[in-house]
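Student: Quick one, run-v9.cif (mmCIF, C-alpha atoms):
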```cif
data_target
loop_
_atom_site.label_atom_id
_atom_site.label_comp_id
_atom_site.auth_asym_id
_atom_site.auth_seq_id
_atom_site.Cartn_x
_atom_site.Cartn_y
_atom_site.Cartn_z
CA MET A 1 -37.66 -2.30 16.90
CA ILE A 2 -36.17 -2.98 13.48
CA LEU A 3 -37.79 -1.13 10.59
CA SER A 4 -39.16 -3.06 7.66
CA ASN A 5 -38.39 -2.01 4.09
CA VAL A 6 -41.70 -0.13 3.92
CA GLU A 7 -41.05 1.67 7.22
CA ILE A 8 -37.53 2.62 6.13
CA LEU A 9 -38.96 4.29 3.05
CA LYS A 10 -41.59 6.06 5.17
CA ALA A 11 -38.90 7.37 7.51
CA ILE A 12 -36.93 8.70 4.54
CA ARG A 13 -39.97 10.28 2.92
CA SER A 14 -40.99 11.98 6.16
CA ASN A 15 -37.43 13.35 6.60
CA ARG A 16 -36.91 11.54 9.89
CA ILE A 17 -33.76 10.03 8.38
CA SER A 18 -31.83 10.69 5.21
CA ILE A 19 -30.04 8.30 2.83
CA THR A 20 -28.76 9.98 -0.33
CA PRO A 21 -28.57 9.17 -3.13
CA LEU A 22 -31.19 6.48 -2.74
CA ALA A 23 -30.55 3.67 -5.23
CA GLY A 24 -34.28 3.00 -5.68
CA ASP A 25 -37.62 3.83 -4.16
CA ASP A 26 -39.54 0.58 -4.61
CA PRO A 27 -39.45 -1.23 -1.26
CA SER A 28 -39.83 -4.59 -3.00
CA GLN A 29 -36.71 -4.04 -5.09
CA PRO A 30 -33.02 -3.46 -4.33
CA PRO A 31 -31.57 -1.66 -2.45
CA PHE A 32 -34.31 -2.72 -0.05
CA ASN A 33 -34.41 -6.04 1.72
CA THR A 34 -37.30 -7.04 3.96
CA SER A 35 -35.71 -5.48 7.05
CA ALA A 36 -32.67 -3.59 5.79
CA ILE A 37 -31.37 -1.39 3.03
CA ASP A 38 -28.20 -2.11 1.07
CA LEU A 39 -25.58 0.59 0.73
CA ARG A 40 -22.98 0.86 -2.02
CA LEU A 41 -19.24 1.27 -1.92
CA GLY A 42 -17.94 4.76 -2.67
CA ALA A 43 -15.11 5.45 -5.10
CA GLU A 44 -12.42 6.23 -2.55
CA ILE A 45 -10.33 3.74 -0.61
CA THR A 46 -7.87 4.69 2.11
CA VAL A 47 -4.94 2.41 2.63
CA PRO A 48 -3.01 2.59 5.92
CA ARG A 49 0.73 3.04 5.44
CA THR A 50 3.01 0.74 7.35
CA THR A 51 6.43 2.09 6.48
CA SER A 52 7.72 2.27 10.03
CA PRO A 53 6.76 0.68 13.34
CA VAL A 54 4.21 2.80 15.18
CA GLN A 55 2.42 2.37 18.47
CA LEU A 56 -0.89 4.18 18.59
CA ASP A 57 -1.49 5.90 21.91
CA LEU A 58 -5.02 7.30 21.98
CA ARG A 59 -4.20 9.34 25.09
CA LYS A 60 -2.05 11.64 22.99
CA PRO A 61 -3.86 14.43 21.14
CA GLY A 62 -3.96 14.65 17.36
CA ILE A 63 -4.81 11.05 16.49
CA ALA A 64 -7.03 12.09 13.57
CA ARG A 65 -4.20 14.04 11.95
CA PHE A 66 -1.81 11.16 12.57
CA LEU A 67 -4.13 8.66 10.90
CA HIS A 68 -4.46 10.89 7.87
CA ALA A 69 -0.70 11.39 7.67
CA ASN A 70 -0.16 7.64 7.76
CA SER A 71 -2.60 6.61 5.07
CA GLU A 72 -3.01 7.00 1.36
CA LYS A 73 -6.17 7.74 -0.59
CA SER A 74 -6.88 5.79 -3.73
CA THR A 75 -9.69 6.35 -6.22
CA ILE A 76 -11.18 3.21 -7.72
CA SER A 77 -13.36 2.75 -10.77
CA GLU A 78 -15.19 -0.01 -12.60
CA ARG A 79 -12.15 -0.40 -14.86
CA GLN A 80 -9.62 -0.02 -12.07
CA PRO A 81 -10.99 -1.69 -8.95
CA TYR A 82 -8.90 -2.20 -5.84
CA SER A 83 -7.55 -5.69 -5.34
CA LEU A 84 -7.78 -6.42 -1.64
CA GLY A 85 -5.10 -8.92 -0.77
CA LYS A 86 -5.29 -11.62 1.86
CA ASN A 87 -5.17 -10.22 5.41
CA GLU A 88 -5.15 -6.67 4.04
CA LEU A 89 -7.10 -3.87 5.72
CA VAL A 90 -8.38 -0.80 3.93
CA LEU A 91 -10.96 1.82 4.81
CA GLY A 92 -13.86 2.48 2.48
CA GLN A 93 -16.96 4.59 2.64
CA THR A 94 -20.53 4.13 1.63
CA LEU A 95 -21.51 6.00 -1.51
CA GLU A 96 -24.62 7.09 0.34
CA LYS A 97 -24.53 9.85 2.89
CA VAL A 98 -26.82 9.15 5.82
CA ALA A 99 -28.27 11.36 8.52
CA PHE A 100 -30.04 10.29 11.70
CA PRO A 101 -31.07 13.58 13.32
CA VAL A 102 -31.87 13.81 17.00
CA HIS A 103 -35.52 14.82 17.14
CA GLN A 104 -36.86 16.39 20.29
CA ASP A 105 -40.50 15.99 19.43
CA GLY A 106 -40.76 12.45 18.18
CA VAL A 107 -39.12 9.25 17.16
CA CYS A 108 -35.38 9.07 16.54
CA TYR A 109 -33.59 6.33 14.70
CA SER A 110 -30.21 4.69 14.91
CA ALA A 111 -28.75 1.96 12.74
CA ARG A 112 -26.30 -0.89 12.54
CA VAL A 113 -24.03 -1.65 9.63
CA GLU A 114 -23.95 -5.32 8.79
CA GLY A 115 -22.19 -7.32 6.13
CA LYS A 116 -23.90 -9.09 3.28
CA SER A 117 -23.86 -12.86 3.12
CA SER A 118 -22.60 -12.91 -0.47
CA ILE A 119 -19.50 -10.95 0.45
CA ALA A 120 -19.05 -12.72 3.78
CA ARG A 121 -18.88 -16.05 1.93
CA CYS A 122 -15.76 -14.74 0.21
CA GLY A 123 -14.12 -14.10 3.56
CA ILE A 124 -14.49 -10.34 3.53
CA LEU A 125 -15.37 -8.34 6.61
CA VAL A 126 -16.78 -4.93 5.72
CA HIS A 127 -16.84 -3.66 9.29
CA PHE A 128 -15.75 -4.89 12.64
CA THR A 129 -16.44 -3.87 16.25
CA ALA A 130 -18.06 -0.55 15.37
CA PRO A 131 -21.37 -1.19 13.61
CA THR A 132 -23.52 1.39 15.38
CA ILE A 133 -24.69 4.53 13.63
CA HIS A 134 -25.92 6.60 16.53
CA ALA A 135 -28.78 9.08 16.51
CA GLY A 136 -27.18 12.40 15.63
CA PHE A 137 -24.75 10.98 13.08
CA GLU A 138 -24.47 12.62 9.69
CA GLY A 139 -22.04 11.62 6.96
CA HIS A 140 -20.80 8.75 4.86
CA ILE A 141 -20.34 5.54 6.82
CA THR A 142 -16.74 4.42 7.11
CA LEU A 143 -16.15 0.74 6.47
CA GLU A 144 -13.20 -1.19 7.84
CA ILE A 145 -12.73 -3.77 5.12
CA ILE A 146 -10.45 -6.73 5.68
CA ASN A 147 -9.88 -9.84 3.62
CA LEU A 148 -9.78 -12.97 5.76
CA GLY A 149 -10.47 -15.25 2.82
CA PRO A 150 -8.10 -17.34 0.72
CA PHE A 151 -8.44 -15.20 -2.44
CA ASP A 152 -7.75 -11.63 -3.43
CA PHE A 153 -11.00 -9.70 -3.71
CA LEU A 154 -11.88 -6.82 -6.03
CA LEU A 155 -13.46 -3.76 -4.47
CA ILE A 156 -15.56 -2.12 -7.16
CA PRO A 157 -17.32 1.21 -6.71
CA GLN A 158 -21.10 1.06 -6.40
CA MET A 159 -21.08 -2.62 -5.46
CA ALA A 160 -23.60 -3.43 -2.72
CA ILE A 161 -21.09 -3.62 0.11
CA CYS A 162 -23.12 -3.63 3.32
CA GLN A 163 -26.62 -3.39 4.67
CA LEU A 164 -28.07 -0.97 7.15
CA ILE A 165 -30.44 -2.24 9.83
CA ILE A 166 -32.46 0.73 11.07
CA GLU A 167 -33.96 0.77 14.53
CA GLU A 168 -36.30 3.04 16.40
CA VAL A 169 -34.83 4.65 19.51
CA LYS A 170 -37.27 4.41 22.39
CA GLY A 171 -37.47 7.73 24.20
CA THR A 172 -35.73 10.99 23.43
CA PRO A 173 -31.93 10.75 23.55
CA VAL A 174 -31.52 14.35 24.63
CA ASP A 175 -33.61 16.11 27.22
CA ALA A 176 -32.68 19.73 26.61
CA PRO A 177 -33.77 22.37 29.12
CA ASN A 178 -37.22 23.70 28.25
CA GLN A 179 -36.21 27.35 28.27
CA PHE A 180 -33.69 26.67 25.54
CA ARG A 181 -35.88 24.86 23.04
CA GLY A 182 -36.54 26.65 19.78
CA GLN A 183 -33.96 29.37 20.37
CA THR A 184 -31.39 29.96 17.69
CA THR A 185 -29.24 32.53 19.45
CA PRO A 186 -29.05 31.33 23.03
CA ALA A 187 -27.98 33.73 25.71
CA GLY A 188 -24.36 33.34 26.65
CA ILE A 189 -23.31 32.13 23.23
CA ILE A 190 -21.01 34.31 21.19
CA GLN A 191 -22.43 35.62 17.91
CA MET B 192 -38.07 19.52 15.63
CA THR B 193 -34.42 18.56 15.92
CA VAL B 194 -32.37 19.62 18.92
CA ASN B 195 -30.59 22.94 18.73
CA ARG B 196 -27.35 23.01 16.90
CA ALA B 197 -24.37 25.21 17.59
CA LEU B 198 -20.88 25.85 16.31
CA VAL B 199 -17.71 24.90 18.16
CA LYS B 200 -14.45 26.58 17.21
CA CYS B 201 -11.96 24.07 15.85
CA GLU B 202 -8.95 23.50 13.66
CA THR B 203 -9.33 21.42 10.54
CA SER B 204 -6.94 19.52 8.33
CA GLU B 205 -7.28 16.96 5.58
CA GLY B 206 -9.25 13.83 6.43
CA MET B 207 -8.82 10.23 5.37
CA PHE B 208 -11.43 10.71 2.64
CA SER B 209 -12.08 13.67 0.36
CA ASN B 210 -15.47 14.33 1.90
CA GLU B 211 -14.27 14.53 5.50
CA VAL B 212 -11.88 16.62 7.57
CA ALA B 213 -9.78 15.89 10.62
CA VAL B 214 -11.08 18.15 13.38
CA THR B 215 -9.14 19.19 16.47
CA LEU B 216 -10.89 21.11 19.20
CA GLU B 217 -10.32 22.20 22.76
CA SER B 218 -12.64 20.56 25.26
CA ASN B 219 -12.71 21.23 28.97
CA ASP B 220 -10.93 17.90 29.29
CA GLY B 221 -8.11 18.64 26.85
CA ARG B 222 -7.54 18.68 23.10
CA ILE B 223 -9.49 16.07 21.20
CA SER B 224 -9.71 15.03 17.57
CA LEU B 225 -12.20 13.30 15.34
CA PHE B 226 -13.18 12.98 11.71
CA ALA B 227 -16.27 14.80 10.49
CA ASP B 228 -18.10 15.30 7.23
CA LYS B 229 -16.98 18.47 5.41
CA ASP B 230 -20.56 19.70 5.35
CA LEU B 231 -20.42 20.00 9.15
CA ILE B 232 -17.72 22.69 8.97
CA ARG B 233 -18.53 26.40 8.80
CA GLU B 234 -16.07 29.25 8.27
CA LYS B 235 -16.82 32.35 10.29
CA GLY B 236 -14.59 35.37 10.87
CA GLY B 237 -11.52 33.56 9.63
CA SER B 238 -12.04 30.60 11.97
CA SER B 239 -13.39 27.11 11.42
CA TYR B 240 -16.36 25.80 13.38
CA LEU B 241 -17.84 22.32 13.73
CA ILE B 242 -21.62 21.94 13.79
CA VAL B 243 -22.68 20.03 16.91
CA ASN B 244 -25.88 19.29 18.80
CA LEU B 245 -26.12 21.67 21.71
CA ILE B 246 -27.24 19.75 24.78
CA SER B 247 -27.07 22.46 27.41
CA PRO B 248 -26.08 26.11 27.11
CA PRO B 249 -23.22 27.52 29.16
CA GLY B 250 -23.99 27.34 32.87
CA LYS B 251 -22.39 29.04 35.84
CA ALA B 252 -19.07 27.37 35.11
CA GLY B 253 -19.10 28.86 31.61
CA LEU B 254 -19.26 25.45 29.93
CA ALA B 255 -21.66 24.23 27.29
CA THR B 256 -22.32 20.52 26.85
CA VAL B 257 -22.41 19.42 23.23
CA LEU B 258 -22.89 16.15 21.35
CA LEU B 259 -20.20 15.67 18.71
CA PRO B 260 -21.06 14.06 15.35
CA SER B 261 -18.71 11.18 16.20
CA GLU B 262 -16.65 10.17 19.20
CA SER B 263 -13.21 11.62 19.70
CA PHE B 264 -10.20 9.36 19.55
CA GLU B 265 -8.70 10.70 22.76
CA LYS B 266 -11.76 10.46 25.04
CA GLY B 267 -13.92 7.92 23.22
CA THR B 268 -17.10 9.89 23.79
CA ARG B 269 -19.41 12.21 21.87
CA TRP B 270 -20.47 14.21 24.95
CA VAL B 271 -18.03 16.99 25.74
CA ASP B 272 -17.98 20.22 27.73
CA ILE B 273 -16.76 23.25 25.80
CA ALA B 274 -15.81 26.67 27.12
CA GLN B 275 -18.38 29.35 26.37
CA ASN B 276 -15.99 31.47 24.31
CA LEU B 277 -15.48 28.59 21.85
CA VAL B 278 -19.19 28.13 21.13
CA ALA B 279 -21.17 30.17 18.63
CA ALA B 280 -24.73 30.23 17.41
CA ILE B 281 -25.38 28.98 13.89
#
```
Just give me the structure as structure tokens.
Tutor:
Amino acid sequence: MILSNVEILKAIRSNRISITPLAGDDPSQPPFNTSAIDLRLGAEITVPRTTSPVQLDLRKPGIARFLHANSEKSTISERQPYSLGKNELVLGQTLEKVAFPVHQDGVCYSARVEGKSSIARCGILVHFTAPTIHAGFEGHITLEIINLGPFDFLLIPQMAICQLIIEEVKGTPVDAPNQFRGQTTPAGIIQ
Amino acid sequence: MTVNRALVKCETSEGMFSNEVAVTLESNDGRISLFADKDLIREKGGSSYLIVNLISPPGKAGLATVLLPSESFEKGTRWVDIAQNLVAAI
């Protein structure tokens, strides 16, 4: 079930989910839409380097380090936005940090990142193939931004870049053993 | 009440963004890597640990099942089994 703007705010206020910093707390105003909340672009862009031919083989360990070593961070500002060229891919992040904790005793939430129609009209994808924010996720959402349009496009920090559709997860995702619930120093775990 | 959390011993290096780290850890199924928010890393006794959801404590085989904050590149899953000696209480 998709949460309305009012239910999103309730979930935030009751600490079932977290979105910080929240750009506003009036559900009838931005960043809220009737059934979503807009998130803003953070000030850091990561540009993949393509200096030499590389074949990614996910079976080999150390892919995360490899991706870092083959990319370049760039800080953008209102005065110095990033000009995303045609067919160019960069990674961005949401300014907001989100958390969707796994709750044992009640409702959990997950979410989907979706584009915004205004940006889509310009030919910009802000994510592709991986829109799901699973229960248990905590962090800034990474955006795979690609320009499929005919014009260069300026990426400006704090622009409303995507929207988050928040859904209720039916049932508890994790059924931990009863004897373990509530313990903070479980037997068998090193201290 | 959220599920129990635990620490898994890991190695960290710089991530693709300033607020994240590249994490490498040893699972029962081999070395895996992922990106995680910096706030999910704890330093303890000179080692780095990743905060995870603890799904089941170590059983007879000495393995704990944990839920990673994001899926690993190498295995494409968030559920992994970790040797008991690599898991610590928060």
Student: Which residue out of B:Leu245, B:Leu254, B:Ile232, B:Val199 has the minimum interatomic distance to Ala213 in chain B when all atoms listed in the file are used?
Tutor: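 That would be B:Ile232, the residue with the smallest distance to Ala213 in chain B.
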Student: Find the residue from B:Met207, B:Asp230, B:Leu225, B:Tyr240 that sits nearest to Ile281 in chain B; use all atoms listed in the file when measuring.
Tutor: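 Closest to Ile281 in chain B of all the choices is B:Tyr240.
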Student: Near Glu205 in chain B, within 9 Å and counting only C-alpha atoms, which residues show up once chain neighbours fewer than 5 positions away are dropped, as a list in words?
Tutor: Arg65, His68 and Ala69 of chain A; Glu211, Val212, Ala213 and Val214 of chain B
Student: Kindly determine which residues of chain B lie within 7 Å of chain A, considering only C-alpha atoms, and give the answer as a VMD selection string.
Tutor: chain B and resid 192 to 194 206 to 208 213 215 222 to 226 228 246 to 247 249 260 to 261 264 to 265 275 to 276 278 to 280
Student: Taking all atoms listed in the file into account, name the residue in A:Ser35, A:Asn147, A:Thr75, A:Ser52 that is nearest to Gln163 in chain A.
Tutor: A:Ser35
Student: Name the residues captured by the PyMOL selection byres ((chain B and resi 269) around 6) when it is applied to the shown file; answer as a PyMOL selection string.
Tutor: chain B and resi 258-259+261-262+268+270
Student: Name the closest residue to Asn210 in chain B among the candidates A:Gly171, A:Gly149, A:Pro21, A:Gly42; distances are taken between atoms, counting only C-alpha atoms.
Tutor: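 With only C-alpha atoms as the atom set, the closest residue is A:Gly42.
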Student: How many Å lie between CA of Ile165 in chain A and CA of Pro131 in chain A, rounded to one decimal?
Tutor: 9.9 Å
Student: For Val113 in chain A, which of A:Met1, A:Leu143, A:Ala99, A:Leu56 is the closest residue, counting only C-alpha atoms?
Tutor: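 Among the listed residues, A:Leu143 lies closest to Val113 in chain A.
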Student: Could you tell me how far CA of Ile17 in chain A sits from CA of Ser118 in chain A, in Å to one decimal place?
Tutor: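 Interatomic distance, CA of Ser118 in chain A to CA of Ile17 in chain A: 27.0 Å.
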Student: Using only C-alpha atoms, which residue out of A:Glu7, A:Glu78, A:Glu96, A:Asp26 lies closest to Leu41 in chain A?
Tutor: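 Going through A:Glu7, A:Glu78, A:Glu96, A:Asp26 one by one, the smallest distance to Leu41 in chain A is for A:Glu96.
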Student: Can you tell me how far CA of Gly221 in chain B sits from CA of Pro173 in chain A, in Å to one decimal?
Tutor: 25.3 Å
Student: Could you give me the centre and size, in Å to one decimal, of an axis-aligned box around all listed atoms of range 213-223 of chain B with 5 Å added on every side, as JSON?
Tutor:
```
{"center_x": -10.1, "center_y": 19.0, "center_z": 20.0, "size_x": 15.2, "size_y": 16.3, "size_z": 28.7}
```
Student: Determine the residue membership of the PyMOL selection byres ((chain B and resi 234) around 12) for the file above and supply it as a ChimeraX atom specification.
Tutor: /B:198-203,229-233,235-242,279,281
Student: Do you know which residues the PyMOL selection byres ((chain A and resi 162) around 7) returns on this file, as a VMD selection string?
Tutor: chain A and resid 38 to 40 113 to 116 126 160 to 161 163 to 164
Student: Around the point (-15.6, 19.7, 27.6), in the coordinates given by the file, pick out the residues reaching within 8 Å, counting all atoms listed in the file, and return them as a PyMOL selection string.
Tutor: chain B and resi 217-221+254-256+270-274
Student: I need the chosen residues saved as an mmCIF file, in the coordinates of the input, with C-alpha atoms.
Tutor:
```cif
data_model
loop_
_atom_site.group_PDB
_atom_site.id
_atom_site.type_symbol
_atom_site.label_atom_id
_atom_site.label_comp_id
_atom_site.auth_asym_id
_atom_site.auth_seq_id
_atom_site.Cartn_x
_atom_site.Cartn_y
_atom_site.Cartn_z
ATOM 1 C CA GLU B 217 -10.320 22.200 22.760
ATOM 2 C CA SER B 218 -12.640 20.560 25.260
ATOM 3 C CA ASN B 219 -12.710 21.230 28.970
ATOM 4 C CA ASP B 220 -10.930 17.900 29.290
ATOM 5 C CA GLY B 221 -8.110 18.640 26.850
ATOM 6 C CA LEU B 254 -19.260 25.450 29.930
ATOM 7 C CA ALA B 255 -21.660 24.230 27.290
ATOM 8 C CA THR B 256 -22.320 20.520 26.850
ATOM 9 C CA TRP B 270 -20.470 14.210 24.950
ATOM 10 C CA VAL B 271 -18.030 16.990 25.740
ATOM 11 C CA ASP B 272 -17.980 20.220 27.730
ATOM 12 C CA ILE B 273 -16.760 23.250 25.800
ATOM 13 C CA ALA B 274 -15.810 26.670 27.120
#
```
